[in-house]
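In what follows, a structure is listed as structure tokens, so that the remarks can point back to it.
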Amino acid sequence: MNLQQKIYKKLLEVPKGKVTTYGELAKAVGLKNGQRTVGKIMNKNPYPVIIPCHRVVMSTGKIGGYAYGEHVKTKMLNDEGIEIENGKIVDSENLIYRF
DNA sequence: TTGGCGGCACCCG
DNA sequence: TCGGGTGCCGCCA
């Protein structure tokens, strides 16, 4: 089980309508300061269809980046009922899923 | 508020 | 096999 496999698996635990952060996800798989690692893994993820990498945001509540463009990520989150305003999630504190 | 650099797995040469 | 560069961040000054 690679680290990336664990990351993908963890990410699948996040329910629709919720999001998680790079830092939380990193710690969830045993990394203390692996935020960038998570980001890189997401960017290079081999299963973009089954991996909801758009549900991962920055700890500040901002959307962060996305391999296919931030606007795409924003739209997908909107489709799941998450409101985005000025590049950041509205009321993110209640939308972030804790493992 | 903004900028800069730290920390880490993975990829490529 | 090994070393250096890279990236959807996060914290501290």
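Residues are named by chain letter and number: chains run A, B, ... in the order of the structure tokens, numbers start at 1 in each chain, and ligands are numbered from 1 in the order shown.
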
Got a sec to tell me which of range 58-91 of chain A DSSP assigns to strand (DSSP E), as a tab-separated table (two decimals) with N, CA and C atoms, in the first residue's frame?
chain	number	residue	atom	x	y	z
A	84	ILE	N	-18.91	28.98	-3.14
A	84	ILE	CA	-17.57	29.57	-3.26
A	84	ILE	C	-17.72	31.06	-3.46
A	85	GLU	N	-16.90	31.83	-2.76
A	85	GLU	CA	-16.97	33.29	-2.89
A	85	GLU	C	-15.56	33.85	-2.91
A	88	LYS	N	-12.76	31.39	-2.25
A	88	LYS	CA	-12.72	30.64	-0.99
A	88	LYS	C	-14.10	30.09	-0.62
A	89	ILE	N	-14.08	29.04	0.17
A	89	ILE	CA	-15.33	28.40	0.57
A	89	ILE	C	-16.07	29.19	1.64

Quick one: residues within 8 Å of range 5-7 of chain C, only C-alpha atoms (C1' of nucleotides), excluding same-chain residues fewer than 5 positions away - as a PyMOL selection string? chain A and resi 36-37+39-40+43

Wanna dump the chain B-chain A contacts at 8 Å for me, each residue with its shortest atom pair and the distance in Å to one decimal, counting only C-alpha atoms (C1' of nucleotides), ordered by chain and number, as a tab-separated table?
residue	atom	partner	partner_atom	distance
B:DG7	C1'	A:Asn33	CA	6.1
B:DC8	C1'	A:Gly34	CA	5.6
B:DA9	C1'	A:Thr37	CA	5.6
B:DC10	C1'	A:Ile41	CA	7.9

Contacts between chain A and chain C, please, where a residue of chain C counts if it comes within 8 Å (with only C-alpha atoms (C1' of nucleotides)); show its shortest atom pair and distance in Å to one decimal, rows by chain and ascending number, as CSV.
residue,atom,partner,partner_atom,distance
C:DG7,C1',A:Lys40,CA,4.9
C:DC8,C1',A:Gly65,CA,3.6
C:DC9,C1',A:Gln35,CA,5.1
C:DG10,C1',A:Gln35,CA,7.5

Alpha helix (DSSP H) call set, DSSP backbone run, range 2-79 of chain A, as a ChimeraX atom specification: /A:3-11,22-28,35-43,70-79

Report as a ChimeraX atom specification all protein, DNA and RNA residues lying within 10 Å of Gly30 in chain A, evaluated on only C-alpha atoms (C1' of nucleotides), omitting residues in the same chain fewer than 4 positions from it. /A:3,6-7,24-26,34

Keeping all heavy atoms for every residue in the selection just given, could you write it to a file as a PDB file, in the first residue's frame?
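See result03.pdb below for the written result:
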ATOM      1  N   LEU A   3       1.864   5.334  -0.252  1.00  0.00           N
ATOM      2  CA  LEU A   3       1.317   6.498   0.435  1.00  0.00           C
ATOM      3  C   LEU A   3       0.183   7.070  -0.405  1.00  0.00           C
ATOM      4  O   LEU A   3      -0.871   7.429   0.099  1.00  0.00           O
ATOM      5  CB  LEU A   3       2.402   7.557   0.616  1.00  0.00           C
ATOM      6  CG  LEU A   3       1.900   8.861   1.216  1.00  0.00           C
ATOM      7  CD1 LEU A   3       1.350   8.618   2.613  1.00  0.00           C
ATOM      8  CD2 LEU A   3       3.032   9.868   1.250  1.00  0.00           C
ATOM      9  N   LYS A   6      -3.004   5.270   0.018  1.00  0.00           N
ATOM     10  CA  LYS A   6      -3.669   5.604   1.276  1.00  0.00           C
ATOM     11  C   LYS A   6      -4.369   6.960   1.177  1.00  0.00           C
ATOM     12  O   LYS A   6      -5.462   7.154   1.694  1.00  0.00           O
ATOM     13  CB  LYS A   6      -2.654   5.615   2.423  1.00  0.00           C
ATOM     14  CG  LYS A   6      -2.137   4.224   2.745  1.00  0.00           C
ATOM     15  CD  LYS A   6      -1.451   4.176   4.105  1.00  0.00           C
ATOM     16  CE  LYS A   6      -0.057   4.772   4.054  1.00  0.00           C
ATOM     17  NZ  LYS A   6       0.691   4.527   5.306  1.00  0.00           N
ATOM     18  N   ILE A   7      -3.697   7.875   0.511  1.00  0.00           N
ATOM     19  CA  ILE A   7      -4.270   9.213   0.347  1.00  0.00           C
ATOM     20  C   ILE A   7      -5.570   9.145  -0.442  1.00  0.00           C
ATOM     21  O   ILE A   7      -6.578   9.727  -0.067  1.00  0.00           O
ATOM     22  CB  ILE A   7      -3.273  10.145  -0.371  1.00  0.00           C
ATOM     23  CG1 ILE A   7      -2.077  10.411   0.553  1.00  0.00           C
ATOM     24  CG2 ILE A   7      -3.960  11.453  -0.761  1.00  0.00           C
ATOM     25  CD1 ILE A   7      -0.992  11.252  -0.076  1.00  0.00           C
ATOM     26  N   GLU A  24      -4.915  18.207   6.675  1.00  0.00           N
ATOM     27  CA  GLU A  24      -5.665  17.163   7.359  1.00  0.00           C
ATOM     28  C   GLU A  24      -5.435  15.811   6.680  1.00  0.00           C
ATOM     29  O   GLU A  24      -5.206  14.806   7.320  1.00  0.00           O
ATOM     30  CB  GLU A  24      -7.161  17.491   7.334  1.00  0.00           C
ATOM     31  CG  GLU A  24      -7.571  18.553   8.321  1.00  0.00           C
ATOM     32  CD  GLU A  24      -7.449  18.067   9.761  1.00  0.00           C
ATOM     33  OE1 GLU A  24      -7.825  16.925  10.049  1.00  0.00           O
ATOM     34  OE2 GLU A  24      -6.965  18.854  10.601  1.00  0.00           O
ATOM     35  N   LEU A  25      -5.503  15.840   5.387  1.00  0.00           N
ATOM     36  CA  LEU A  25      -5.320  14.629   4.610  1.00  0.00           C
ATOM     37  C   LEU A  25      -3.917  14.060   4.821  1.00  0.00           C
ATOM     38  O   LEU A  25      -3.743  12.858   4.983  1.00  0.00           O
ATOM     39  CB  LEU A  25      -5.552  14.939   3.127  1.00  0.00           C
ATOM     40  CG  LEU A  25      -5.772  13.746   2.189  1.00  0.00           C
ATOM     41  CD1 LEU A  25      -6.885  12.854   2.710  1.00  0.00           C
ATOM     42  CD2 LEU A  25      -6.117  14.274   0.813  1.00  0.00           C
ATOM     43  N   ALA A  26      -2.948  14.941   4.866  1.00  0.00           N
ATOM     44  CA  ALA A  26      -1.565  14.526   5.066  1.00  0.00           C
ATOM     45  C   ALA A  26      -1.416  13.836   6.417  1.00  0.00           C
ATOM     46  O   ALA A  26      -0.852  12.742   6.510  1.00  0.00           O
ATOM     47  CB  ALA A  26      -0.646  15.738   4.979  1.00  0.00           C
ATOM     48  N   GLY A  34       3.241  17.127   5.333  1.00  0.00           N
ATOM     49  CA  GLY A  34       3.233  16.660   3.945  1.00  0.00           C
ATOM     50  C   GLY A  34       2.192  17.301   3.042  1.00  0.00           C
ATOM     51  O   GLY A  34       1.736  16.685   2.087  1.00  0.00           O
TER      52      GLY A  34
END

Could you jot down the C1' of DA13 in chain C to C1' of DG6 in chain B separation for me, Å, one decimal place? 13.1 Å

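Pairwise distance (CA of Lys18 in chain A, CA of Thr74 in chain A) equals 13.3 Å.
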
CA of Arg55 in chain A and CA of Lys10 in chain A, how far apart in Å? 11.7 Å

Within 12 Å of DC12 in chain C, counting only C-alpha atoms (C1' of nucleotides), which residues show up once you throw out same-chain ones fewer than 3 positions away? Write them as a PDB file with N, CA and C atoms (P, O5', C5', C4', C3', O3' and C1' of nucleotides), in the first residue's frame, please.
ATOM      1  P    DG B   3       2.947  39.912  -1.671  1.00  0.00           P
ATOM      2  O5'  DG B   3       4.228  39.337  -0.913  1.00  0.00           O
ATOM      3  C5'  DG B   3       5.051  40.242  -0.179  1.00  0.00           C
ATOM      4  C4'  DG B   3       6.233  39.502   0.419  1.00  0.00           C
ATOM      5  C3'  DG B   3       6.868  38.506  -0.550  1.00  0.00           C
ATOM      6  O3'  DG B   3       8.273  38.572  -0.375  1.00  0.00           O
ATOM      7  C1'  DG B   3       6.072  37.353   1.378  1.00  0.00           C
ATOM      8  P    DG B   4       9.225  37.710  -1.321  1.00  0.00           P
ATOM      9  O5'  DG B   4       9.770  36.629  -0.296  1.00  0.00           O
ATOM     10  C5'  DG B   4      10.250  37.060   0.970  1.00  0.00           C
ATOM     11  C4'  DG B   4      10.572  35.856   1.833  1.00  0.00           C
ATOM     12  C3'  DG B   4      11.293  34.740   1.066  1.00  0.00           C
ATOM     13  O3'  DG B   4      12.275  34.185   1.935  1.00  0.00           O
ATOM     14  C1'  DG B   4       9.291  33.882   1.996  1.00  0.00           C
ATOM     15  P    DC B   5      13.511  33.351   1.320  1.00  0.00           P
ATOM     16  O5'  DC B   5      13.438  32.009   2.143  1.00  0.00           O
ATOM     17  C5'  DC B   5      13.329  32.052   3.573  1.00  0.00           C
ATOM     18  C4'  DC B   5      12.682  30.782   4.071  1.00  0.00           C
ATOM     19  C3'  DC B   5      13.287  29.513   3.456  1.00  0.00           C
ATOM     20  O3'  DC B   5      13.218  28.488   4.435  1.00  0.00           O
ATOM     21  C1'  DC B   5      11.031  29.509   3.082  1.00  0.00           C
ATOM     22  P    DG B   6      14.469  27.603   4.743  1.00  0.00           P
ATOM     23  O5'  DG B   6      13.847  26.574   5.791  1.00  0.00           O
ATOM     24  C5'  DG B   6      12.912  27.033   6.772  1.00  0.00           C
ATOM     25  C4'  DG B   6      11.818  26.011   6.937  1.00  0.00           C
ATOM     26  C3'  DG B   6      12.294  24.571   6.733  1.00  0.00           C
ATOM     27  O3'  DG B   6      11.702  23.739   7.729  1.00  0.00           O
ATOM     28  C1'  DG B   6      10.487  24.999   5.291  1.00  0.00           C
TER      29       DG B   6
END
